[in-house]
Structures are given as C-alpha cells and as structure tokens.
$ cat target-v1.txt   # compact mmCIF, C-alpha atoms
# COMPACT_ATOMS: atom_id res chain seq x y z
CA MET K 1 0.00 0.00 0.00
CA LEU K 2 2.54 2.57 1.08
CA GLY K 3 4.80 1.51 -1.74
CA SER K 4 2.35 3.08 -4.19
CA LEU K 5 2.58 6.48 -2.53
CA ALA K 6 2.63 9.52 -4.79
CA ALA K 7 4.03 12.81 -3.52
CA ASP K 8 3.63 16.35 -4.75
CA ALA K 9 5.94 18.81 -3.00
CA PRO K 10 5.65 22.42 -4.21
CA HIS K 11 9.03 23.57 -2.88
CA VAL K 12 11.05 20.46 -3.70
CA MET K 13 11.13 19.16 -7.25
CA ALA K 14 12.01 15.58 -6.33
CA ALA K 15 9.25 13.43 -4.80
CA VAL K 16 9.78 12.36 -1.18
CA PRO K 17 8.66 8.75 -0.74
CA ALA K 18 7.96 8.67 3.02
CA PRO K 19 4.48 10.07 3.82
CA ALA K 20 5.62 11.56 7.14
CA ALA K 21 8.44 13.48 5.43
CA THR K 22 6.30 14.45 2.45
CA VAL K 23 3.42 15.89 4.45
CA SER K 24 5.53 17.59 7.12
CA ALA K 25 7.58 19.27 4.37
CA GLY K 26 4.42 20.78 2.90
CA GLY K 27 3.89 18.18 0.19
CA PHE K 28 0.94 16.01 -0.76
CA ALA K 29 0.77 12.28 -0.04
CA SER K 30 -1.69 10.16 -2.01
CA ALA K 31 -2.28 6.47 -2.60
CA PRO K 32 -4.94 4.25 -4.20
CA LEU K 33 -7.29 2.40 -1.88
CA PRO K 34 -7.97 -1.32 -2.34
CA LEU K 35 -11.33 -2.17 -3.91
CA ASP K 36 -12.27 -4.52 -1.08
CA THR K 37 -12.73 -4.54 2.68
CA THR K 38 -9.00 -4.10 3.30
CA CYS K 39 -9.38 -0.44 2.25
CA SER K 40 -10.08 0.70 5.83
CA GLY K 41 -6.90 -0.84 7.21
CA ALA K 42 -4.87 0.65 4.36
CA ALA K 43 -6.31 4.11 5.07
CA ARG K 44 -5.50 3.82 8.77
CA ARG K 45 -1.89 2.88 8.04
CA LEU K 46 -1.34 5.75 5.61
CA PHE K 47 -2.94 8.29 7.94
CA ARG K 48 -0.77 7.19 10.87
CA ALA K 49 2.34 7.37 8.70
CA ALA K 50 1.55 10.91 7.55
CA ALA K 51 0.45 12.10 11.00
CA ALA K 52 3.66 10.84 12.59
CA GLY K 53 5.63 13.78 11.20
CA VAL K 54 3.36 16.67 12.23
CA GLY K 55 3.23 16.34 16.02
CA LEU K 56 -0.34 15.18 16.56
CA SER K 57 -1.11 13.70 19.95
CA ALA K 58 -1.69 9.96 20.25
CA GLU K 59 -5.38 10.68 20.84
CA LEU K 60 -5.72 12.75 17.66
CA ILE K 61 -3.83 10.14 15.65
CA TYR K 62 -6.27 7.51 16.91
CA ASP K 63 -9.27 9.72 16.08
CA GLY K 64 -7.82 10.56 12.66
CA SER K 65 -7.09 6.96 11.75
CA THR K 66 -10.66 6.06 12.79
CA MET K 67 -12.10 8.77 10.54
CA ALA K 68 -9.80 7.79 7.65
CA SER K 69 -11.06 4.24 8.06
CA GLU K 70 -14.67 5.41 7.88
CA LEU K 71 -14.05 7.48 4.74
CA ALA K 72 -12.36 4.52 3.09
CA ALA K 73 -15.24 2.23 4.02
CA ASN K 74 -17.67 4.66 2.38
CA SER K 75 -15.69 4.38 -0.85
CA MET K 76 -16.86 0.77 -1.09
CA HIS K 77 -20.30 2.15 -2.01
CA ALA K 78 -18.97 4.51 -4.71
CA GLN K 79 -17.19 2.28 -7.20
CA THR K 80 -19.49 2.47 -10.22
CA GLY K 81 -17.31 5.12 -11.88
CA ILE K 82 -14.16 2.98 -11.99
CA GLN K 83 -12.71 2.07 -15.40
CA PHE K 84 -11.05 -1.34 -15.76
CA ASP K 85 -8.74 -2.78 -18.40
CA GLU K 86 -9.15 -6.15 -20.12
CA ARG K 87 -7.39 -7.86 -17.19
CA GLY K 88 -9.84 -6.43 -14.67
CA CYS K 89 -7.33 -3.96 -13.21
CA ALA K 90 -8.55 -0.48 -12.31
CA VAL K 91 -6.97 2.11 -14.61
CA ALA K 92 -8.94 5.23 -13.64
CA GLY K 93 -11.50 6.38 -11.11
CA ALA K 94 -10.44 4.08 -8.26
CA PRO K 95 -10.75 5.48 -4.71
CA GLU K 96 -7.73 7.41 -3.43
CA ILE K 97 -6.65 8.77 -0.06
CA TRP K 98 -4.96 12.18 0.10
CA LEU K 99 -3.15 13.88 2.99
CA TYR K 100 -1.61 17.34 3.24
CA LEU K 101 -1.19 20.37 5.52
CA ARG K 102 -2.85 23.73 5.12
CA ARG K 103 -3.15 26.94 7.09
CA VAL K 104 -6.60 28.19 8.14
CA GLY K 105 -7.18 31.30 10.23
CA GLY K 106 -3.51 31.46 11.15
CA GLU K 107 -3.48 27.87 12.35
CA GLN K 108 -2.18 24.68 10.75
CA GLU K 109 -4.32 21.62 10.15
CA LEU K 110 -3.79 18.16 8.72
CA VAL K 111 -6.32 17.38 5.98
CA CYS K 112 -7.36 13.86 5.01
CA LYS K 113 -9.51 13.32 1.92
CA VAL K 114 -10.88 10.25 0.20
CA PHE K 115 -11.69 10.57 -3.50
CA ASP K 116 -14.22 8.51 -5.44
CA ALA K 117 -15.49 8.81 -9.00
CA LEU K 118 -19.11 9.59 -8.09
CA PRO K 119 -19.52 13.39 -8.36
CA ARG K 120 -22.51 13.60 -6.04
CA TRP K 121 -24.01 11.89 -3.03
CA LYS K 122 -27.07 9.72 -3.26
CA ASP K 123 -30.11 12.00 -3.72
CA ASP K 124 -27.61 14.79 -4.53
CA ALA K 125 -27.03 15.62 -0.84
CA PRO K 126 -24.94 14.16 1.99
CA PRO K 127 -26.78 12.12 4.63
CA ASP K 128 -28.76 14.17 7.15
CA LEU K 129 -26.75 13.94 10.36
CA THR K 130 -29.68 15.26 12.40
CA VAL K 131 -31.47 11.96 11.77
CA PRO K 132 -30.32 9.30 14.29
CA VAL K 133 -29.06 6.00 12.92
CA PRO K 134 -31.21 3.08 14.10
CA VAL K 135 -29.46 1.00 16.76
CA ASP K 136 -29.83 -2.14 14.66
CA ALA K 137 -28.43 -0.56 11.46
CA VAL K 138 -25.39 -2.32 10.03
CA SER K 139 -24.17 0.80 8.20
CA GLY K 140 -24.77 4.53 7.98
CA ARG K 141 -22.83 5.66 11.05
CA GLY K 142 -19.60 6.67 9.28
CA LEU K 143 -20.34 10.37 8.76
CA HIS K 144 -21.83 10.64 12.26
CA VAL K 145 -18.53 9.34 13.62
CA ILE K 146 -16.54 11.78 11.45
CA ASP K 147 -18.76 14.72 12.42
CA GLY K 148 -18.27 13.95 16.10
CA LEU K 149 -14.55 13.20 16.12
CA SER K 150 -13.68 16.16 13.87
CA GLN K 151 -16.01 18.49 15.80
CA GLY K 152 -17.70 19.40 12.54
CA ARG K 153 -14.44 20.02 10.69
CA TRP K 154 -15.33 18.01 7.58
CA GLY K 155 -17.06 18.38 4.22
CA ASP K 156 -17.15 17.34 0.57
CA HIS K 157 -16.51 18.95 -2.81
CA LEU K 158 -16.18 18.19 -6.50
CA THR K 159 -12.66 17.40 -7.67
CA ARG K 160 -10.49 15.25 -9.92
CA ALA K 161 -8.42 12.17 -9.28
CA ARG K 162 -4.68 12.44 -8.76
CA LEU K 163 -3.81 8.89 -9.80
CA GLY K 164 -4.75 6.61 -12.68
CA ALA K 165 -4.23 6.65 -16.42
CA TRP K 166 -6.47 9.71 -16.69
CA LYS K 167 -7.79 12.03 -14.00
CA ALA K 168 -11.44 11.11 -13.55
CA SER K 169 -13.89 13.62 -12.14
CA GLY K 170 -15.61 12.84 -8.87
CA LYS K 171 -15.83 14.08 -5.30
CA ALA K 172 -13.67 14.17 -2.20
CA VAL K 173 -14.95 13.80 1.35
CA TRP K 174 -12.56 15.26 3.90
CA PHE K 175 -11.87 15.99 7.55
CA ALA K 176 -9.19 18.11 9.22
CA LEU K 177 -7.40 17.98 12.56
CA PRO K 178 -5.54 20.91 14.17
CA VAL K 179 -1.76 20.70 14.33
CA PRO K 180 -0.26 22.05 17.59
CA ALA K 181 1.16 25.56 17.31
CA SER K 182 4.34 24.30 18.98
CA ASN K 183 4.96 22.23 15.85
CA ALA K 184 5.07 25.12 13.38
CA LEU K 185 6.58 23.85 10.16
CA ASP K 186 9.37 25.29 8.04
CA ARG K 187 7.07 25.60 5.02
CA PHE K 188 5.25 28.49 6.75
CA ARG K 189 8.44 30.21 7.93
CA GLY K 190 10.97 29.83 5.14
CA PRO K 191 11.39 31.76 1.88
CA GLN K 192 8.38 31.56 -0.41
CA PRO K 193 8.36 31.45 -4.22
CA GLY K 194 7.94 34.60 -6.27
CA SER K 195 4.81 35.24 -8.32
CA VAL K 196 6.17 33.71 -11.53
CA GLN K 197 7.46 30.63 -9.75
CA ALA K 198 4.17 30.25 -7.84
CA ALA K 199 2.25 30.42 -11.14
CA GLU K 200 4.58 27.82 -12.68
CA ILE K 201 4.01 25.48 -9.72
CA LEU K 202 0.24 25.93 -9.87
CA GLU K 203 0.20 25.38 -13.63
CA ARG K 204 2.15 22.15 -13.19
CA MET K 205 -0.19 20.96 -10.44
CA LEU K 206 -3.33 21.74 -12.45
CA SER K 207 -1.96 20.17 -15.64
CA GLY K 208 -1.19 17.07 -13.62
CA ARG K 209 -4.89 16.84 -12.81
CA GLY K 210 -5.82 16.82 -16.49
CA ILE K 211 -6.73 20.50 -16.75
CA ASP K 212 -5.36 21.52 -20.13
CA HIS K 213 -5.24 24.68 -22.25
CA ILE K 214 -4.12 26.88 -19.36
CA VAL K 215 -2.85 30.27 -20.56
CA ARG K 216 -0.24 31.92 -18.35
CA ALA K 217 0.85 35.55 -18.57
CA ASP K 218 3.85 36.69 -16.51
CA ALA K 219 4.71 40.29 -15.65
CA PRO K 220 7.88 39.96 -13.56
CA ALA K 221 8.45 43.71 -13.46
CA SER K 222 5.03 44.10 -11.82
CA GLY K 223 5.48 41.09 -9.56
CA MET K 224 2.41 39.40 -11.02
CA SER K 225 1.39 36.30 -12.98
CA VAL K 226 -2.06 35.34 -14.26
CA LEU K 227 -3.44 31.90 -15.12
CA SER K 228 -6.50 31.76 -17.35
CA ILE K 229 -7.96 28.32 -16.54
CA ARG K 230 -11.30 28.47 -18.35
CA ARG K 231 -14.20 30.84 -18.87
CA GLY K 232 -15.11 32.19 -15.46
CA LEU K 233 -11.94 31.07 -13.71
CA THR K 234 -8.85 33.29 -13.69
CA VAL K 235 -6.13 32.92 -11.06
CA TRP K 236 -3.89 35.81 -9.96
CA CYS K 237 -0.48 35.39 -8.31
CA ARG K 238 0.82 38.57 -6.74
CA SER K 239 1.96 39.96 -3.38
CA ARG K 240 2.61 36.40 -2.13
CA VAL K 241 -1.07 35.54 -2.54
CA VAL K 242 -3.00 33.33 -4.99
CA SER K 243 -6.55 34.58 -5.59
CA TRP K 244 -9.54 33.66 -7.74
CA THR K 245 -13.33 33.98 -7.79
CA GLY K 246 -15.43 30.87 -7.24
CA ARG K 247 -18.75 30.02 -8.91
CA SER K 248 -20.66 31.66 -6.07
CA GLY K 249 -18.88 34.94 -6.80
CA HIS K 250 -16.95 34.81 -3.54
CA ARG K 251 -13.29 35.80 -3.74
CA GLU K 252 -10.90 33.10 -2.52
CA TRP K 253 -7.22 33.44 -1.69
CA ARG K 254 -4.31 31.42 -0.34
CA ALA K 255 -0.79 32.43 0.62
CA PHE K 256 2.08 31.11 -1.50
CA SER K 257 2.91 28.79 1.41
CA ASP K 258 -0.41 27.05 0.73
CA LEU K 259 -0.09 26.29 -2.98
CA VAL K 260 -1.13 22.68 -2.41
CA ASP K 261 -4.47 23.78 -0.96
CA ALA K 262 -4.79 26.55 -3.55
CA ALA K 263 -4.53 23.96 -6.32
CA GLU K 264 -7.11 21.76 -4.57
CA GLN K 265 -9.59 24.64 -4.32
CA ILE K 266 -8.99 25.75 -7.92
CA VAL K 267 -9.66 22.21 -9.18
CA CYS K 268 -12.89 22.27 -7.18
CA ALA K 269 -13.88 25.61 -8.75
CA TYR K 270 -13.08 24.22 -12.21
CA GLU K 271 -15.26 21.16 -11.64
CA GLU K 272 -18.11 23.25 -10.18
CA LEU K 273 -18.13 25.46 -13.27
CA GLY K 274 -18.09 22.41 -15.54
CA SER K 275 -20.96 20.84 -13.60
CA ALA K 276 -22.98 24.05 -13.83
CA ASP K 277 -22.42 24.22 -17.58
CA ALA K 278 -23.47 20.59 -18.01
CA THR K 279 -26.69 21.02 -16.05
CA GLY K 280 -27.57 24.41 -17.49
CA VAL K 281 -27.34 26.21 -14.15
CA THR K 282 -26.70 29.91 -14.58
CA ARG K 283 -23.69 31.19 -12.69
CA SER K 284 -24.55 33.92 -10.21
CA GLY K 285 -22.47 37.08 -10.06
$ encode --input "target-v1.txt" --output "structure tokens"
Amino acid sequence: MLGSLAADAPHVMAAVPAPAATVSAGGFASAPLPLDTTCSGAARRLFRAAAAGVGLSAELIYDGSTMASELAANSMHAQTGIQFDERGCAVAGAPEIWLYLRRVGGEQELVCKVFDALPRWKDDAPPDLTVPVPVDAVSGRGLHVIDGLSQGRWGDHLTRARLGAWKASGKAVWFALPVPASNALDRFRGPQPGSVQAAEILERMLSGRGIDHIVRADAPASGMSVLSIRRGLTVWCRSRVVSWTGRSGHREWRAFSDLVDAAEQIVCAYEELGSADATGVTRSG
C-alpha cells in the first residue's frame, strides 16, 4: 500500500517517498485504496504514517485513523465510476486517499480526503446527520462518527483524481485535525516562491490533474502572474497571494505557502463550473 505512494511537494522538485516526510515538508501524499474490505486498514496505516511527522497527539492520531477508516469504508459504495482494463485492473476512477497540511485562520491543520469517481451523493445531498441512525443498522454511522470526532471540521466537494491513467472527475470527502502551534513547520516560515514561480508550480499541479489549455501571462516587473484556466476562472499570483473567484462569486485566496491547498480549491472551482455548464445552471455574479 505505502509503496504506491505519490508525492507532490511544491518547494522540492524531487518526490519524497515517506508520507511523514512528504506531508511535514508541505507536500501532498496520495495512494490508491484497495477495492475490497482491506481499504479501511490501508487508510488507517497511511494516515498514521503521515500524521507521525506533524506532532499530533496519540489521541488525535487515533481519532484521525478512525475517521480515515470510515471514509475509506464509504468508498466501497462509490465504485461504479471505476474504469477497468481487459485484465480487470482499475486504470482510472479508483478510490484514493490524500493527505496534506494547510493553514486556516492562522493555524495549521492536517487534511485527510478520500476521492471517489461519483460526483454527487445519493439523492444529490450528503446524509442528514440530524437523523439518528437506528441502533440495529449495520451501516450509515460513518459520517456521524466523522462529524463527532472532527467536531464538525469536515465536508465534501467536486474534484479530480490524482492517480490513474487519466484524471477522472468525482468528489472528495474530507476531515481536518488541528496541528499544535508548537509544531510550526518550516514551510510556513521559510522563503516563499515569487509570483512567476508560484504560477509555474500551480500550472504544473493543475496540468497534472488533467486541466489543459491553461494560458499563463507573466509580468515579472510588476510582480504578477495570471493563469486563465477556463471561462469564469482566472487565477492571480501577486503579493505572495494566490486569488480567484469561485462560482458563487466569492473571492478566494491562499498564501504562496499554501499552494497545495490553492490547487485543490482551484480544481474544485473548475469542476463546479463544468458541472454548472453541463446542467444548465446559470452562474450567479
């Protein structure tokens, strides 16, 4: 399982194979999940490996591995979008687990996401957590567990796969755990890339997710770079900040130290716009 780890580190060109080193350095650890009941155990192992390098308490590591297990178990019910080759091997759309750090409200948090190739939930909405699960139910408690252990720090969004022969569209369900302030990481303290370099990194990340035809315009003298992703989605890199406008019309931004999360959110915005176009929904704003 861990041998299939993929790493995306925005400040280091070479991939770092160990998930603890990759995540703590500000990179992105991802791996495919098995298509059977061993997926939960695999998710627990990868979460523990990544969490080991960021200073989480033993209690939070236990809670996180439990939530990762629940997310992986849910992926067992979302496998209709997987593409197989003639040998029966999954080549695209298989469930994946992703782990990375981001900064929110001045604090660090460890994010764990599980991707599957179904863009939406059943009935186009996540389960209603205000409805109790019957005591004799054999399933349906996973999101209740995640909501409780994460203290509501979870959600879902449209996205694209990171692994596979092509980057299938789908959704990611995620939770986040706070990283102690005493374990501030070098990625938030050290030198950050300039605007042109940040735009180059973002372009590479987005292209790696199958988003093509990106047009980049650099203005080094003005300290600015612009990425035109698609109609309705333009990304600005300037003053050590990445910014863009989402489908709702709300302005989003991330510091250059959070390019991994910036790329994640931009992919989400790209998929939301594509979904709106496909369903004929008019974009507000």
$ residues_around --input "target-v1.txt" --residues "region 200-202 of chain K" --least-positions-apart "6" --cutoff "12 Å" --atoms "only C-alpha atoms" --output "PyMOL selection string"
chain K and resi 8-13+192-194+208-209+211+214-218+224-229+235-237+242-243+254+256-267
$ residues_around --input "target-v1.txt" --residues "Pro119 (chain K)" --least-positions-apart "6" --cutoff "9 Å" --atoms "only C-alpha atoms" --output "list of chain:residue names"
K:His157, K:Leu158, K:Thr159, K:Ser169, K:Gly170, K:Lys171, K:Ala172
$ closest_residue --input "target-v1.txt" --among "K:Cys89, K:Val111, K:Leu233, K:Ala73" --to "Glu272 (chain K)" --atoms "all atoms listed in the file"
K:Leu233
$ closest_residue --input "target-v1.txt" --among "K:Ala49, K:Met205, K:Ala199, K:Ala161" --to "Ile82 (chain K)" --atoms "all atoms listed in the file"
K:Ala161
$ atom_distance --input "target-v1.txt" --atom1 "CA of Pro178 (chain K)" --atom2 "CA of Gln108 (chain K)"
6.1 Å
$ residues_around --input "target-v1.txt" --residues "Trp174 (chain K)" --least-positions-apart "6" --cutoff "10 Å" --atoms "only C-alpha atoms" --output "PyMOL selection string"
chain K and resi 67-68+71+97-99+111-115+146+153-157
$ atom_distance --input "target-v1.txt" --atom1 "CA of Ser182 (chain K)" --atom2 "CA of Val54 (chain K)"
10.2 Å
$ atom_distance --input "target-v1.txt" --atom1 "CA of Arg240 (chain K)" --atom2 "CA of Ala29 (chain K)"
24.3 Å
